[in-house]
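**Q** Let me begin by handing over the structure; questions about it come next.
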Amino acid sequence: MDRPRRKIVRALRDDLHLMPGRKVTFTGGEATAFAEKLKRWSHALGPEGQFLQQAPLLPRMLIKGEKVDLFFETNAQQSSKKALRVSAEAVIGAWQGGFSQVALEGGGWAPLPEEWLAEHGDRVADLLAARKQSKNKVPTVALPSLAILAEDLNQPPPPGFARLRPLFEDFKSLPQSPIPEGVTAELRDYQKEGVSWLCFLRDANLGAVLADDMGLGKTLQSICAFKGRSLVVCPTSVLQNWEDEIQRFRPTLKTSIFHGPKRKLDKQADVVITTYAILRIDAALLTKQFWDCIVLDEAQAIKNPSSQAAKVAYRLDGEFRIALSGTPVENRLEELWSLLHFSNPGLLGGRSDFQNRFSKPIAVGDKGAAERLRQKIRPFVLRRIKKDVAPELPPRTESVLHVELDEQERAVYDTIRAATRKDVIERLGHGSNVLAALEALLRLRQAACHSALVPGQHAEHSSKVKTLIEALETVAADGHKALVFSQWTSMLNLIEPHLKKSGLDFLRLDGATRNRAEVVANFQSDSGPPLLLASLKAGGTGLNLTAADHVFLTDPWWNPAAEDQAADRSHRIGQDRPVMVYRLVTQDTVEERILSLQKKKRGLAEAALGEADRATALTRDDLLALLD
């Protein structure tokens with residue numbers, strides 16, 4: 001074998017893993033990758049070794065009712081051969097994979113239309129993802145992307161797009177929807193706009209995520225959009241509140257609470273109200289029903305797409321779907337995907353597709369991905385904040401009450417800190433996930449609040465509780481009412497004896513409370529106790545507690561959404577006094593680092609709903625930083 005030939009054979013073996021006389025077949029992505037490698041390799045052979053390819057590709061689209069055939073074909077005018085076709089899925093797959101060419105259905109290869117894909121590739125990917133979720137039909141939510149592509153390809157707009165144009169071009173041009181007869185409330189201007197938006201989406205067979213700031217009347221706006229038989233799914237803590245609100249604002253609607261051991265589904269009720277727990281338990285019954293309208297209140301309850309509640313919610317059979325949440329994104333952008341997958345299936349494609357095209361790029365600071373996501377969800381997510389639409393609300397002031405541990409508390413804390421840091425580092429070093437490390441940090445947070453929360457410790461004194469009681473005594477003496485929140489009912493248990501010792505009258509609301517509505521009404525009354533102890537889980541969502549103008553958060557954590565929800569039980573429509581929000585933070589502990597971490601996490605929702613360019617979740621580095 002001559003020297004040049006040996007060189008080529010060696011190159012075939014080393015670079016392409018091929019040998020003369022051995023047949024190798026590649027398909028799919030492997031074929032595309034090999035073609036790309038062969039193209040680069042063939043140039044090294046000089047003019048005698050050329051990589052043969054077809055003429056450039058041109059996009060084509062055929063619209064037939066709800067079905068759209070989108071494909072690419074070679075330019076027959078630049079070739080003496082018949083035009084060859086390739087699917088849009090294959091072209092987008094090659095483009096997203098970083099390849100410059102794609103295999104044709106009739107054999108051979110063609111270069112990708114790079115410039116056209118740079119302008120329209122993301123839109124085509126959106127369309128394909130939506131079509132995949134809708135059994136190859138183009139769902140209504142995908143019509144905007146389809147209309148833009150149709151215009152670029154000199155095609156008429158898809159049927160049905162004209163009636164949706166106001167939604168996608170200018171929210172202000174939406175026709176004003178009349179308030180239903182029998183509504184007793186006097187709606188504010190922004191609430192009327194919200195009702196018009198909801199009704200427009202309802203009539204267009206589209207869903208909605210109403211993400212107004214907490215306290216702006218999401219419940220009332222939803223009630224005004226009810227049409228036909230409706231289902232409301234909500235936390236147990238606001239079950240009675242929903243019935244009360246409907247009876248108050250639309251008394252002509254017949255309501256039925258589907259809850260309790262002797263529950264029975266009233267098929268004659270205009271509105272059936274149930275809880276997420278019952279949704280899971282009676283999934284077979286509720287998913288067999290057809291609902292003209294389905295409302296998920298505090299819809300962050302389905303933020304985990306893998307949860308049973310989310311899976312059942314996706315299966316509910318409803319014409320118009322509304323997700324209500326003042327915090328549509330708490331930790332990760334996948335939570336927003338879950339809400340929109342419920343309200344508008346197909347809008348954001350599948351879960352893995354959303355992660356690859358939005359979550360991961362945004363997490364590393366991709367401004368273009370963040371903007372594409374905002375544009376895509378803007379017609380279907382409505383978010384207003386208090387300072388913009390309710391300027392008459394009194395100011396809300398936040399401050400920190402600093403607490404200093406005494407010597408005994410410090411000794412307990414430092415001991416736990418040393419052990420916890422070692423444990424966390426070991427867990428993370430061995431590949432344990434973040435949740436496992438969070439459990440290790442739990443003891444450290446508890447030691448910063450009250451030593452008695454730590455197993456094996458029996459302390460009665462707590463510097464934080466002492467600071468809290470002193471502040472509450474002042475609040476009550478000045479004629480104010482206050483809410484005291486903790487994530488742990490055990491912390492509330494430790495606070496109670498000190499309140500009794502000080503002669504401070506109080507109520508309590510947690511998961512064990514049965515007469516929730518009575519407790520709330522008692523606190524709200526002028527003659528009711530000045531203090532309400534509440535767990536974040538039971539009292540942090542859906543309740544109107546405007547009798548209080550002071551809020552105390554006893555144990556801060558890195559995710560500020562739960563704390564914001566708690567504070568907004570007081571700072572909402574109906575409040576006419578300035579609201580003071582206090583975070584009790586123990587000095588030189590993990591709690592101080594939590595405050596700085598909260599600022600970082602507040603940018604998460606803004607990546608999708610605002611103008612920020614970076615979304616973050618709790619990382620291993622964050623956990624270690626908390627212990628430094």
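In the structure tokens, chains take letters A, B, ... by order of appearance, with residues numbered from 1 within each chain and ligands from 1 in the order shown.
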Among region 372-423 of chain A, which residues carry a DSSP assignment of helix (DSSP H, G or I), reported as a PyMOL selection string?

**A** chain A and resi 372-380+386-389+407-423

**Q** Could you give me, as a ChimeraX atom specification, the residues within 12 Å of Met491 (chain A), counting only C-alpha atoms and dropping anything in the same chain fewer than 2 positions from it?

**A** /A:445-454,462,464-465,484-489,493-498,510,533-536,553-555

**Q** Using DSSP assignments from the backbone, pull out every residue in region 206-236 of chain A that falls under strand (DSSP E or B) and give it to me as a PyMOL selection string.

**A** chain A and resi 208-210+230-234

**Q** In Å to one decimal, how far is CA of Thr287 (chain A) from CA of Asp317 (chain A)?

**A**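 Distance reported for this atom pair: 6.1 Å.
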
**Q** Can you pull out every residue within 9 Å of Ala269 (chain A), counting only C-alpha atoms, but drop anything in the same chain fewer than 2 positions away, and send it as a PyMOL selection string?

**A** chain A and resi 229-230+253-256+265-267+271-272

**Q** Emit the selected residues as a CSV table (one decimal), in the first residue's frame, including C-alpha atoms.

**A**
```csv
chain,number,residue,atom,x,y,z
A,229,ARG,CA,-71.4,25.4,35.1
A,230,SER,CA,-68.2,26.2,37.0
A,253,LEU,CA,-75.5,31.9,41.3
A,254,LYS,CA,-76.2,28.7,43.2
A,255,THR,CA,-73.1,27.5,45.0
A,256,SER,CA,-72.3,24.1,46.5
A,265,LEU,CA,-71.6,16.5,44.0
A,266,ASP,CA,-74.5,18.8,43.2
A,267,LYS,CA,-75.0,18.7,39.5
A,271,VAL,CA,-70.6,26.8,41.0
A,272,VAL,CA,-69.1,23.8,42.7
```
